[in-house]
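Dropping model_14.cif in here (mmCIF, C-alpha atoms):
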data_data
#
loop_
_atom_site.label_atom_id
_atom_site.label_comp_id
_atom_site.auth_asym_id
_atom_site.auth_seq_id
_atom_site.Cartn_x
_atom_site.Cartn_y
_atom_site.Cartn_z
CA MET R 1 -23.09 -5.40 20.15
CA ALA R 2 -22.60 -7.83 17.30
CA ALA R 3 -24.91 -10.81 17.35
CA SER R 4 -23.86 -14.34 16.48
CA THR R 5 -23.56 -15.36 12.86
CA ASN R 6 -26.86 -16.43 11.30
CA ALA R 7 -27.51 -20.10 10.77
CA ALA R 8 -27.42 -20.18 6.97
CA PRO R 9 -23.73 -20.12 5.91
CA LEU R 10 -22.64 -17.80 3.17
CA GLU R 11 -20.64 -19.17 0.27
CA LEU R 12 -17.15 -17.65 0.29
CA THR R 13 -14.78 -17.90 -2.63
CA ILE R 14 -11.19 -16.79 -3.02
CA SER R 15 -10.28 -15.69 -6.52
CA ASN R 16 -6.83 -15.87 -8.01
CA ASP R 17 -6.11 -12.19 -7.25
CA ALA R 18 -6.60 -12.89 -3.51
CA ARG R 19 -9.77 -10.78 -3.37
CA ARG R 20 -12.44 -12.53 -1.34
CA ASP R 21 -16.00 -12.12 -2.60
CA ILE R 22 -19.13 -13.09 -0.64
CA HIS R 23 -21.82 -14.62 -2.82
CA GLY R 24 -25.54 -14.56 -2.03
CA TRP R 25 -25.24 -11.53 0.23
CA ASN R 26 -28.43 -9.64 1.13
CA PRO R 27 -28.22 -7.86 4.50
CA ASN R 28 -31.99 -7.21 4.60
CA GLN R 29 -32.68 -10.98 4.67
CA PRO R 30 -31.55 -12.66 7.93
CA GLU R 31 -30.69 -15.94 6.20
CA THR R 32 -28.27 -14.21 3.80
CA TRP R 33 -26.58 -11.87 6.26
CA SER R 34 -23.69 -12.47 8.66
CA SER R 35 -23.40 -10.07 11.56
CA ARG R 36 -19.84 -11.27 12.19
CA VAL R 37 -18.73 -10.28 8.70
CA ALA R 38 -20.60 -6.98 8.89
CA TRP R 39 -19.20 -5.89 12.27
CA THR R 40 -15.68 -7.04 11.38
CA THR R 41 -15.87 -4.87 8.28
CA LEU R 42 -17.14 -1.97 10.35
CA TRP R 43 -14.37 -2.10 12.96
CA VAL R 44 -11.48 -2.65 10.54
CA THR R 45 -12.73 0.12 8.27
CA THR R 46 -13.30 2.42 11.24
CA PHE R 47 -9.76 1.84 12.52
CA ASN R 48 -8.42 2.94 9.16
CA LEU R 49 -10.90 5.82 9.00
CA VAL R 50 -9.57 7.24 12.28
CA LEU R 51 -6.07 7.22 10.78
CA ALA R 52 -7.44 8.85 7.62
CA PHE R 53 -8.81 11.76 9.63
CA VAL R 54 -5.53 11.95 11.56
CA ILE R 55 -3.46 12.53 8.42
CA TRP R 56 -6.12 14.81 6.91
CA TYR R 57 -5.87 17.13 9.90
CA LEU R 58 -2.20 16.63 10.81
CA PRO R 59 -1.12 19.70 8.77
CA GLY R 60 -3.85 21.73 10.47
CA ALA R 61 -2.50 20.74 13.88
CA LEU R 62 1.14 21.41 12.97
CA ILE R 63 0.89 24.58 10.89
CA PRO R 64 -0.23 26.98 13.68
CA THR R 65 2.83 25.88 15.70
CA LEU R 66 5.46 26.17 12.96
CA GLY R 67 6.09 29.91 13.17
CA THR R 68 6.00 29.95 16.96
CA LEU R 69 8.15 26.89 17.60
CA THR R 70 10.54 26.76 14.64
CA GLY R 71 10.84 30.35 13.53
CA TRP R 72 9.56 29.51 10.06
CA ASN R 73 8.42 32.67 8.33
CA LEU R 74 4.82 31.84 7.39
CA THR R 75 2.34 34.70 7.13
CA GLU R 76 -1.24 34.24 8.31
CA SER R 77 -2.38 34.19 4.68
CA GLN R 78 0.17 31.49 3.77
CA SER R 79 -0.94 29.45 6.78
CA TYR R 80 -4.59 29.63 5.73
CA TRP R 81 -3.64 28.56 2.20
CA LEU R 82 -1.79 25.54 3.62
CA LEU R 83 -4.81 24.71 5.77
CA ALA R 84 -6.98 24.88 2.65
CA MET R 85 -4.97 22.39 0.60
CA PRO R 86 -6.02 19.15 2.41
CA GLY R 87 -9.65 20.22 2.03
CA LEU R 88 -9.16 20.85 -1.69
CA THR R 89 -7.68 17.43 -2.43
CA GLY R 90 -9.91 15.73 0.15
CA GLY R 91 -13.01 16.86 -1.69
CA ALA R 92 -11.58 16.15 -5.14
CA LEU R 93 -10.42 12.66 -4.19
CA ARG R 94 -13.77 11.84 -2.63
CA LEU R 95 -15.25 12.23 -6.11
CA VAL R 96 -12.90 9.41 -7.16
CA TRP R 97 -13.25 7.20 -4.09
CA MET R 98 -17.06 7.32 -4.18
CA MET R 99 -16.89 5.26 -7.39
CA LEU R 100 -14.49 2.60 -6.11
CA PRO R 101 -16.57 0.33 -3.80
CA PRO R 102 -18.81 -1.10 -6.57
CA MET R 103 -15.90 -1.25 -9.01
CA ILE R 104 -13.04 -2.90 -7.08
CA GLY R 105 -14.66 -4.08 -3.84
CA THR R 106 -14.17 -3.30 -0.17
CA ARG R 107 -10.98 -5.26 0.50
CA LYS R 108 -8.92 -4.03 -2.43
CA MET R 109 -10.07 -0.45 -1.87
CA LEU R 110 -9.13 -0.48 1.82
CA VAL R 111 -5.71 -2.03 1.25
CA LEU R 112 -4.86 0.45 -1.51
CA SER R 113 -6.13 3.45 0.47
CA SER R 114 -4.38 2.50 3.70
CA ALA R 115 -1.07 1.92 1.93
CA LEU R 116 -1.23 5.27 0.10
CA MET R 117 -1.81 7.14 3.35
CA LEU R 118 1.66 6.13 4.50
CA ILE R 119 3.09 8.63 1.99
CA PRO R 120 1.82 11.85 3.66
CA PHE R 121 2.43 10.36 7.12
CA ILE R 122 6.10 9.83 6.29
CA GLY R 123 6.34 13.14 4.41
CA TRP R 124 5.11 15.29 7.30
CA THR R 125 7.26 13.36 9.78
CA TRP R 126 10.32 14.13 7.66
CA VAL R 127 9.72 17.76 6.63
CA VAL R 128 9.42 19.15 10.16
CA THR R 129 12.90 17.83 11.00
CA LEU R 130 14.65 19.91 8.32
CA PRO R 131 17.17 22.34 9.84
CA THR R 132 15.97 25.25 7.70
CA GLN R 133 12.57 26.26 6.41
CA PRO R 134 11.67 24.19 3.31
CA SER R 135 10.26 25.74 0.18
CA TYR R 136 6.64 26.80 0.38
CA GLY R 137 5.95 24.64 -2.67
CA LEU R 138 7.05 21.52 -0.77
CA LEU R 139 4.74 22.38 2.11
CA VAL R 140 1.87 22.89 -0.32
CA ALA R 141 2.59 19.50 -1.94
CA LEU R 142 2.58 17.72 1.42
CA ALA R 143 -0.60 19.53 2.47
CA LEU R 144 -2.25 18.39 -0.78
CA ALA R 145 -1.07 14.81 -0.15
CA ALA R 146 -2.63 14.86 3.33
CA GLY R 147 -5.99 15.37 1.61
CA LEU R 148 -5.91 11.67 0.71
CA GLY R 149 -7.07 11.04 4.28
CA GLY R 150 -10.19 13.04 3.56
CA GLY R 151 -10.76 11.45 0.17
CA VAL R 152 -11.02 7.84 1.31
CA PHE R 153 -14.09 8.59 3.45
CA SER R 154 -16.31 8.51 0.35
CA GLY R 155 -15.20 4.95 -0.30
CA TYR R 156 -15.16 3.66 3.25
CA MET R 157 -18.65 4.74 4.30
CA PRO R 158 -20.60 3.59 1.20
CA SER R 159 -18.71 0.31 1.33
CA THR R 160 -19.75 -0.29 4.93
CA SER R 161 -23.37 0.52 4.08
CA PHE R 162 -23.40 -2.54 1.77
CA PHE R 163 -22.88 -4.80 4.80
CA PHE R 164 -25.77 -3.72 7.06
CA PRO R 165 -29.57 -3.93 6.83
CA LYS R 166 -31.46 -0.64 6.68
CA SER R 167 -32.70 -1.10 10.24
CA LYS R 168 -29.11 -0.98 11.56
CA GLN R 169 -27.51 1.53 9.20
CA GLY R 170 -28.15 4.57 11.38
CA THR R 171 -26.31 2.92 14.26
CA ALA R 172 -23.55 1.36 12.14
CA LEU R 173 -22.77 4.41 10.03
CA GLY R 174 -23.12 6.72 13.02
CA LEU R 175 -20.57 4.66 14.93
CA GLN R 176 -18.17 4.47 12.01
CA ALA R 177 -18.31 8.14 11.07
CA GLY R 178 -18.38 9.32 14.68
CA ILE R 179 -15.40 7.24 15.75
CA GLY R 180 -13.64 8.13 12.50
CA ASN R 181 -14.15 11.83 13.22
CA PHE R 182 -12.32 11.28 16.51
CA GLY R 183 -9.17 11.24 14.39
CA VAL R 184 -9.49 15.03 14.16
CA SER R 185 -9.64 15.45 17.92
CA VAL R 186 -6.94 12.83 18.48
CA VAL R 187 -4.38 14.56 16.26
CA GLN R 188 -5.24 18.01 17.66
CA PHE R 189 -4.71 16.67 21.18
CA ILE R 190 -1.62 14.56 20.43
CA VAL R 191 0.41 17.19 18.55
CA PRO R 192 0.83 19.75 21.39
CA TRP R 193 1.58 16.93 23.84
CA ALA R 194 3.88 14.79 21.68
CA ILE R 195 6.18 17.54 20.42
CA GLY R 196 7.34 18.25 23.97
CA PHE R 197 9.55 15.20 24.56
CA GLY R 198 12.22 13.18 22.75
CA MET R 199 11.64 9.69 21.37
CA PHE R 200 14.12 6.98 20.35
CA GLY R 201 17.06 9.33 20.99
CA LEU R 202 16.19 11.46 17.95
CA ALA R 203 17.29 15.07 17.81
CA GLY R 204 14.76 17.86 18.19
CA GLN R 205 14.63 21.48 17.13
CA VAL R 206 15.40 24.53 19.21
CA SER R 207 12.41 26.81 19.77
CA LYS R 208 13.25 30.39 20.65
CA THR R 209 10.83 32.95 22.04
CA GLU R 210 11.36 36.33 23.64
CA THR R 211 11.46 34.79 27.10
CA GLU R 212 12.85 31.26 26.77
CA THR R 213 14.58 28.67 24.62
CA THR R 214 13.19 25.14 24.53
CA GLN R 215 13.55 22.02 22.43
CA VAL R 216 10.67 20.54 20.43
CA TRP R 217 10.25 17.28 18.51
CA LEU R 218 7.77 18.04 15.72
CA GLN R 219 8.38 14.62 14.16
CA ASN R 220 6.87 12.81 17.15
CA PRO R 221 3.22 12.80 16.00
CA GLY R 222 4.17 11.08 12.76
CA LEU R 223 6.38 8.57 14.57
CA ILE R 224 3.45 7.73 16.85
CA PHE R 225 0.92 7.23 14.05
CA ILE R 226 2.99 5.52 11.33
CA PRO R 227 3.04 2.10 13.10
CA PHE R 228 -0.74 2.23 13.44
CA ALA R 229 -1.02 3.03 9.73
CA VAL R 230 1.01 -0.10 8.94
CA ILE R 231 -1.26 -2.15 11.19
CA GLY R 232 -4.24 -0.73 9.28
CA VAL R 233 -2.87 -2.06 6.00
CA VAL R 234 -2.34 -5.52 7.51
CA LEU R 235 -5.84 -5.64 9.02
CA ALA R 236 -7.46 -4.63 5.73
CA TRP R 237 -5.50 -7.26 3.80
CA SER R 238 -6.12 -10.10 6.22
CA MET R 239 -9.65 -9.55 7.56
CA LEU R 240 -11.84 -7.86 4.95
CA LYS R 241 -14.11 -9.32 2.29
CA SER R 242 -16.07 -7.81 -0.59
CA VAL R 243 -19.75 -8.10 -1.48
CA PRO R 244 -20.97 -8.26 -5.11
CA MET R 245 -22.46 -4.76 -5.34
CA LYS R 246 -21.29 -4.17 -8.91
CA ALA R 247 -21.78 -1.09 -11.05
CA ASN R 248 -19.68 0.57 -13.71
CA LEU R 249 -18.93 4.27 -13.83
CA ARG R 250 -21.83 5.20 -16.12
CA GLN R 251 -24.41 3.30 -14.08
CA GLN R 252 -23.44 5.17 -10.92
CA PHE R 253 -24.36 8.52 -12.47
CA ASP R 254 -28.09 7.76 -12.16
CA ILE R 255 -28.10 9.30 -8.67
CA PHE R 256 -27.85 12.76 -10.21
CA ASN R 257 -31.31 12.43 -11.79
CA ASN R 258 -32.90 12.35 -8.34
CA LYS R 259 -33.64 15.71 -6.70
CA HIS R 260 -33.07 14.20 -3.26
CA THR R 261 -29.40 13.72 -4.15
CA TRP R 262 -29.07 17.49 -4.37
CA LEU R 263 -31.21 18.16 -1.30
CA MET R 264 -29.14 15.78 0.80
CA THR R 265 -25.96 17.34 -0.59
CA MET R 266 -27.25 20.67 0.69
CA GLN R 267 -27.93 19.16 4.13
CA TYR R 268 -24.59 17.37 4.44
CA MET R 269 -22.73 20.48 3.32
CA LEU R 270 -24.32 22.19 6.31
CA THR R 271 -23.41 19.48 8.81
CA PHE R 272 -20.12 17.89 7.78
CA GLY R 273 -19.01 20.79 5.59
CA ILE R 274 -19.14 23.14 8.58
CA PHE R 275 -17.79 20.49 10.98
CA SER R 276 -14.76 19.78 8.77
CA GLY R 277 -14.25 23.42 7.83
CA LEU R 278 -14.30 24.78 11.37
CA ALA R 279 -12.27 21.84 12.71
CA GLY R 280 -9.56 22.61 10.16
CA THR R 281 -9.44 26.34 10.92
CA PHE R 282 -10.23 26.28 14.65
CA GLY R 283 -6.55 26.41 15.62
CA MET R 284 -5.86 29.49 13.51
CA LEU R 285 -9.02 31.18 14.83
CA LEU R 286 -7.92 30.61 18.42
CA LYS R 287 -4.35 31.68 17.76
CA SER R 288 -5.25 34.86 15.86
CA GLN R 289 -7.99 35.98 18.29
CA PHE R 290 -6.64 34.88 21.67
CA GLY R 291 -2.98 33.89 21.18
CA PRO R 292 -1.02 30.61 20.81
CA GLY R 293 -1.61 29.70 24.46
CA TYR R 294 -5.22 28.85 23.61
CA LEU R 295 -4.29 26.17 21.06
CA LYS R 296 -4.54 23.58 23.84
CA TRP R 297 -8.35 23.82 23.54
CA VAL R 298 -8.54 23.21 19.80
CA PHE R 299 -9.30 19.48 20.13
CA LEU R 300 -12.58 20.09 21.98
CA GLY R 301 -14.61 21.05 18.89
CA ALA R 302 -13.99 17.85 16.96
CA LEU R 303 -14.30 15.82 20.17
CA VAL R 304 -17.80 17.15 20.85
CA GLY R 305 -18.94 16.72 17.24
CA SER R 306 -17.57 13.19 17.04
CA LEU R 307 -19.12 12.07 20.32
CA VAL R 308 -22.51 13.37 19.29
CA ARG R 309 -22.32 11.81 15.83
CA MET R 310 -21.40 8.45 17.32
CA SER R 311 -24.12 8.49 20.00
CA TRP R 312 -27.00 9.89 17.92
CA GLY R 313 -27.24 6.96 15.49
CA PRO R 314 -29.62 4.90 17.68
CA LEU R 315 -31.86 7.95 18.17
CA CYS R 316 -31.99 8.42 14.41
CA ASP R 317 -32.91 4.75 13.97
CA LYS R 318 -35.73 5.20 16.51
CA PHE R 319 -37.19 8.58 15.50
CA GLY R 320 -35.98 8.93 11.91
CA GLY R 321 -33.27 11.13 10.50
CA GLY R 322 -35.38 13.90 8.98
CA ILE R 323 -36.51 15.47 12.25
CA TRP R 324 -32.97 15.49 13.64
CA THR R 325 -31.64 17.14 10.47
CA PHE R 326 -34.21 19.88 11.04
CA VAL R 327 -33.11 20.23 14.67
CA SER R 328 -29.49 20.39 13.53
CA GLY R 329 -30.15 23.27 11.14
CA VAL R 330 -32.00 25.35 13.71
CA GLY R 331 -29.40 24.59 16.38
CA MET R 332 -26.46 25.55 14.16
CA ALA R 333 -28.11 28.88 13.29
CA ILE R 334 -28.58 29.68 16.98
CA SER R 335 -25.02 28.57 17.76
CA ALA R 336 -23.50 30.79 15.09
CA GLY R 337 -25.46 33.66 16.64
CA VAL R 338 -23.79 32.92 19.98
CA VAL R 339 -20.37 33.10 18.30
CA LEU R 340 -21.28 36.49 16.85
CA ALA R 341 -22.41 37.64 20.28
CA GLY R 342 -19.01 36.62 21.60
CA GLN R 343 -17.36 39.15 19.29
CA LEU R 344 -18.96 41.96 21.31
CA ALA R 345 -19.40 40.32 24.73
CA ALA R 346 -16.25 41.73 26.32
CA GLY R 347 -17.34 45.32 25.67
CA ASP R 348 -13.79 46.54 24.94
CA GLY R 349 -13.54 45.57 21.28
CA GLN R 350 -12.03 42.20 22.12
CA PRO R 351 -13.96 38.92 21.72
CA SER R 352 -14.94 36.97 24.81
CA PHE R 353 -13.21 33.59 24.87
CA ALA R 354 -15.93 32.03 27.06
CA VAL R 355 -18.79 33.09 24.78
CA PHE R 356 -16.82 32.33 21.60
CA MET R 357 -15.91 28.84 22.83
CA THR R 358 -19.48 28.15 23.96
CA GLY R 359 -20.86 29.09 20.55
CA MET R 360 -18.23 27.04 18.69
CA LEU R 361 -18.87 23.94 20.78
CA MET R 362 -22.60 24.37 20.21
CA ILE R 363 -21.97 24.45 16.44
CA PHE R 364 -19.96 21.24 16.68
CA PHE R 365 -22.68 19.65 18.84
CA PHE R 366 -25.49 20.32 16.37
CA ALA R 367 -23.26 19.47 13.41
CA GLY R 368 -22.71 16.08 15.04
CA ILE R 369 -26.48 15.54 15.26
CA GLY R 370 -26.88 16.42 11.60
CA ASN R 371 -23.98 14.22 10.52
CA ALA R 372 -25.66 11.25 12.17
CA SER R 373 -29.16 12.05 10.91
CA THR R 374 -28.21 12.60 7.26
CA PHE R 375 -26.46 9.23 7.14
CA LYS R 376 -29.64 7.64 8.48
CA GLN R 377 -31.72 9.41 5.84
CA MET R 378 -29.76 8.42 2.73
CA PRO R 379 -30.16 4.62 3.05
CA MET R 380 -33.89 5.21 3.65
CA ILE R 381 -34.38 7.49 0.64
CA PHE R 382 -32.37 5.49 -1.92
CA ASN R 383 -31.85 1.83 -2.78
CA ALA R 384 -28.67 0.15 -1.51
CA ARG R 385 -26.37 0.89 -4.46
CA GLN R 386 -27.66 4.42 -4.95
CA ALA R 387 -27.46 5.13 -1.22
CA GLY R 388 -23.78 4.21 -1.30
CA GLY R 389 -23.24 6.54 -4.24
CA VAL R 390 -25.15 9.41 -2.63
CA ILE R 391 -23.24 8.96 0.63
CA GLY R 392 -20.01 9.15 -1.32
CA TRP R 393 -21.11 12.15 -3.40
CA THR R 394 -22.45 14.22 -0.51
CA ALA R 395 -19.35 13.43 1.52
CA ALA R 396 -17.18 14.52 -1.40
CA ILE R 397 -18.82 17.92 -1.67
CA ALA R 398 -18.82 18.46 2.10
CA ALA R 399 -15.12 17.57 2.24
CA PHE R 400 -14.39 20.90 0.56
CA GLY R 401 -15.33 22.44 3.92
CA PRO R 402 -11.72 22.98 5.09
CA PHE R 403 -10.86 24.65 1.78
CA ILE R 404 -13.98 26.84 1.78
CA PHE R 405 -13.56 27.97 5.38
CA SER R 406 -9.82 28.59 5.03
CA MET R 407 -10.54 30.84 2.06
CA ALA R 408 -13.50 32.45 3.82
CA PHE R 409 -11.47 33.42 6.87
CA ASN R 410 -8.67 34.58 4.58
CA PHE R 411 -10.86 37.02 2.61
CA LEU R 412 -13.93 37.73 4.79
CA THR R 413 -14.40 38.96 8.33
CA ARG R 414 -15.42 36.50 11.02
CA THR R 415 -18.71 38.35 11.39
CA GLN R 416 -19.47 37.83 7.70
CA VAL R 417 -18.59 34.12 7.84
CA PHE R 418 -20.80 33.33 10.83
CA SER R 419 -23.64 35.46 9.44
CA ILE R 420 -23.55 33.35 6.28
CA ILE R 421 -23.70 30.21 8.44
CA ILE R 422 -26.88 31.50 10.12
CA VAL R 423 -28.65 32.14 6.81
CA TYR R 424 -27.55 28.83 5.27
CA ALA R 425 -28.48 26.80 8.37
CA LEU R 426 -31.99 28.26 8.46
CA ALA R 427 -32.45 27.53 4.73
CA CYS R 428 -31.36 23.91 5.29
CA ALA R 429 -33.71 23.58 8.26
CA ALA R 430 -36.61 24.75 6.10
CA VAL R 431 -35.76 22.19 3.40
CA ALA R 432 -35.42 19.39 5.97
CA TRP R 433 -38.79 20.24 7.50
CA HIS R 434 -40.63 20.48 4.19
CA TYR R 435 -39.27 17.36 2.47
CA TYR R 436 -38.43 15.01 5.34
CA ALA R 437 -39.70 15.99 8.80
CA ARG R 438 -43.23 17.47 8.70
CA PRO R 439 -46.23 15.15 9.14
CA ASN R 440 -47.07 15.00 5.39
CA ALA R 441 -43.46 15.18 4.16
CA GLU R 442 -42.64 13.86 0.71
CA VAL R 443 -40.20 11.30 2.16
CA LYS R 444 -40.26 10.17 5.79
CA SER R 445 -36.64 9.30 6.45
#

Kindly transcribe the structure held in the file into structure tokens.
Amino acid sequence: MAASTNAAPLELTISNDARRDIHGWNPNQPETWSSRVAWTTLWVTTFNLVLAFVIWYLPGALIPTLGTLTGWNLTESQSYWLLAMPGLTGGALRLVWMMLPPMIGTRKMLVLSSALMLIPFIGWTWVVTLPTQPSYGLLVALALAAGLGGGVFSGYMPSTSFFFPKSKQGTALGLQAGIGNFGVSVVQFIVPWAIGFGMFGLAGQVSKTETETTQVWLQNPGLIFIPFAVIGVVLAWSMLKSVPMKANLRQQFDIFNNKHTWLMTMQYMLTFGIFSGLAGTFGMLLKSQFGPGYLKWVFLGALVGSLVRMSWGPLCDKFGGGIWTFVSGVGMAISAGVVLAGQLAAGDGQPSFAVFMTGMLMIFFFAGIGNASTFKQMPMIFNARQAGGVIGWTAAIAAFGPFIFSMAFNFLTRTQVFSIIIVYALACAAVAWHYYARPNAEVKS
């Protein structure tokens, strides 16, 4: 996929603080762009982004199993609050990380972020091995720490956008975000599988149910991912470079004077906000409506959304992002209607799993389209530095999705939540059509 390095060499310098800066970089000019450097940055950053999504959603994959497998006494409300915490810190930290790429550079940001993520990885690996239920405050603290995995996204994606010309950003950012989102599906698939067998001779916990007693190893997911997290730190330190896209904190605030910043925030809140929110609460929805035996299907939502996001980038480069954002809004409204229909489909007061699952996977499908299309739009609407800032800002707001949906399902009925999704999705579709997709749109993106 990556082409050979262009003929004109780029001047590389190594400063005393071991941060490598590329001088004369302009990705929109072939003679001042290196595809090798750009694609190396993409793949190393994407590797770390997968791990970021893994730790962001690790609590969400473990929490629905804790009461069933360990006997921990967590109420449904307490579980939803724990699920909300990574979304709360993920969104808050994205507001910080969105400022870092122009201030400290890609390499230093990636090394720092990847090293910090080891803390929640180790914390969750340790806490599930305790012989008795830990304090709820400790679980809340670890859930908040896991939000770091969500926060780094707003640094990783804008940073990568600095390395690619506009003509390739739909493909590049679609690949990075789509593959990164696979971390959600990976952790949701790995946890139920990995906790069922012993590793390295370590002791497990006894799980007691009404019918059987088994042994589980809840520390296994962390033990599997921690070595990869260490590799991520090493790759970032040894292979990444930084480009001179400099701006101080005050200069980066100019994006908020542009109405399209707020319109794109609205669109990305629809697509990634709902993707992240439903991915984080999908396990609890399945468990509470259909029972713990259905948790084995939880990984499918994020898998579908990630695959679509990754594959739709080239289509957005070809046809533009605006029209696909419009399609995404309409599709998500229809999909939420299917979920609502599933609440009544069985005819006996119980939801239909088949209809419910179909509607949920449709939501993830159209969210994936919108996640790809919005990331194509932003580099087309804004200049390079502002596009990076807007990508970071919109991602920060949308990262509150897990918190918002955890609270929504805690205090509202499922019918109310999915009805709100229908109304919001149609409003976003109307905005996308008027400003970006119709023949005489204000901005063709």

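Of the residues under consideration (R:Leu116, R:Leu175, R:Ala84, R:Pro221), R:Pro221 shows the shortest atom-to-atom contact distance to Val128 in chain R when counting all atoms listed in the file.
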
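Candidate residues R:Pro192, R:Gly321, R:Gly329, R:Gly368 were compared for distance to Gln267 in chain R, and the nearest is R:Gly329, using all atoms listed in the file.
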
Picked residues, the PyMOL selection byres ((chain R and resi 407-414) around 10), as a ChimeraX atom specification:
/R:76-81,83-84,277,281,284-285,339-340,343,401-406,415-420

Using the chain letters and numbers from this file, what does the PyMOL selection byres ((chain R and resi 363) around 8) select? Give the answer as a tab-separated table (two decimals) with C-alpha atoms, keeping the file's coordinate frame.
chain	number	residue	atom	x	y	z
R	275	PHE	CA	-17.79	20.49	10.98
R	331	GLY	CA	-29.40	24.59	16.38
R	332	MET	CA	-26.46	25.55	14.16
R	335	SER	CA	-25.02	28.57	17.76
R	336	ALA	CA	-23.50	30.79	15.09
R	359	GLY	CA	-20.86	29.09	20.55
R	360	MET	CA	-18.23	27.04	18.69
R	361	LEU	CA	-18.87	23.94	20.78
R	362	MET	CA	-22.60	24.37	20.21
R	364	PHE	CA	-19.96	21.24	16.68
R	365	PHE	CA	-22.68	19.65	18.84
R	366	PHE	CA	-25.49	20.32	16.37
R	367	ALA	CA	-23.26	19.47	13.41

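Using only C-alpha atoms, the shortest contact distance between Leu95 in chain R and any of R:Leu218, R:Ile391, R:Ile190, R:Val234 is found at R:Ile391.
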
Would you pull range 266-288 of chain R out of the block just shown and save C-alpha atoms as a PDB file, in the first residue's frame?
ATOM      1  CA  MET R 266     -22.613  17.292  16.301  1.00  0.00           C
ATOM      2  CA  GLN R 267     -21.980  14.762  13.509  1.00  0.00           C
ATOM      3  CA  TYR R 268     -19.164  12.920  15.284  1.00  0.00           C
ATOM      4  CA  MET R 269     -21.180  12.769  18.489  1.00  0.00           C
ATOM      5  CA  LEU R 270     -23.775  10.884  16.458  1.00  0.00           C
ATOM      6  CA  THR R 271     -21.321   8.441  14.909  1.00  0.00           C
ATOM      7  CA  PHE R 272     -18.508   7.764  17.364  1.00  0.00           C
ATOM      8  CA  GLY R 273     -20.449   8.918  20.425  1.00  0.00           C
ATOM      9  CA  ILE R 274     -23.098   6.266  19.788  1.00  0.00           C
ATOM     10  CA  PHE R 275     -20.525   3.675  18.652  1.00  0.00           C
ATOM     11  CA  SER R 276     -18.445   4.098  21.824  1.00  0.00           C
ATOM     12  CA  GLY R 277     -21.467   4.431  24.094  1.00  0.00           C
ATOM     13  CA  LEU R 278     -23.263   1.326  22.862  1.00  0.00           C
ATOM     14  CA  ALA R 279     -20.017  -0.674  22.658  1.00  0.00           C
ATOM     15  CA  GLY R 280     -19.363   0.115  26.316  1.00  0.00           C
ATOM     16  CA  THR R 281     -22.867  -0.830  27.488  1.00  0.00           C
ATOM     17  CA  PHE R 282     -23.642  -3.646  25.042  1.00  0.00           C
ATOM     18  CA  GLY R 283     -22.569  -6.337  27.507  1.00  0.00           C
ATOM     19  CA  MET R 284     -24.844  -5.051  30.266  1.00  0.00           C
ATOM     20  CA  LEU R 285     -27.743  -4.708  27.804  1.00  0.00           C
ATOM     21  CA  LEU R 286     -27.349  -8.316  26.703  1.00  0.00           C
ATOM     22  CA  LYS R 287     -26.933  -9.611  30.240  1.00  0.00           C
ATOM     23  CA  SER R 288     -29.901  -7.716  31.687  1.00  0.00           C
TER      24      SER R 288
END
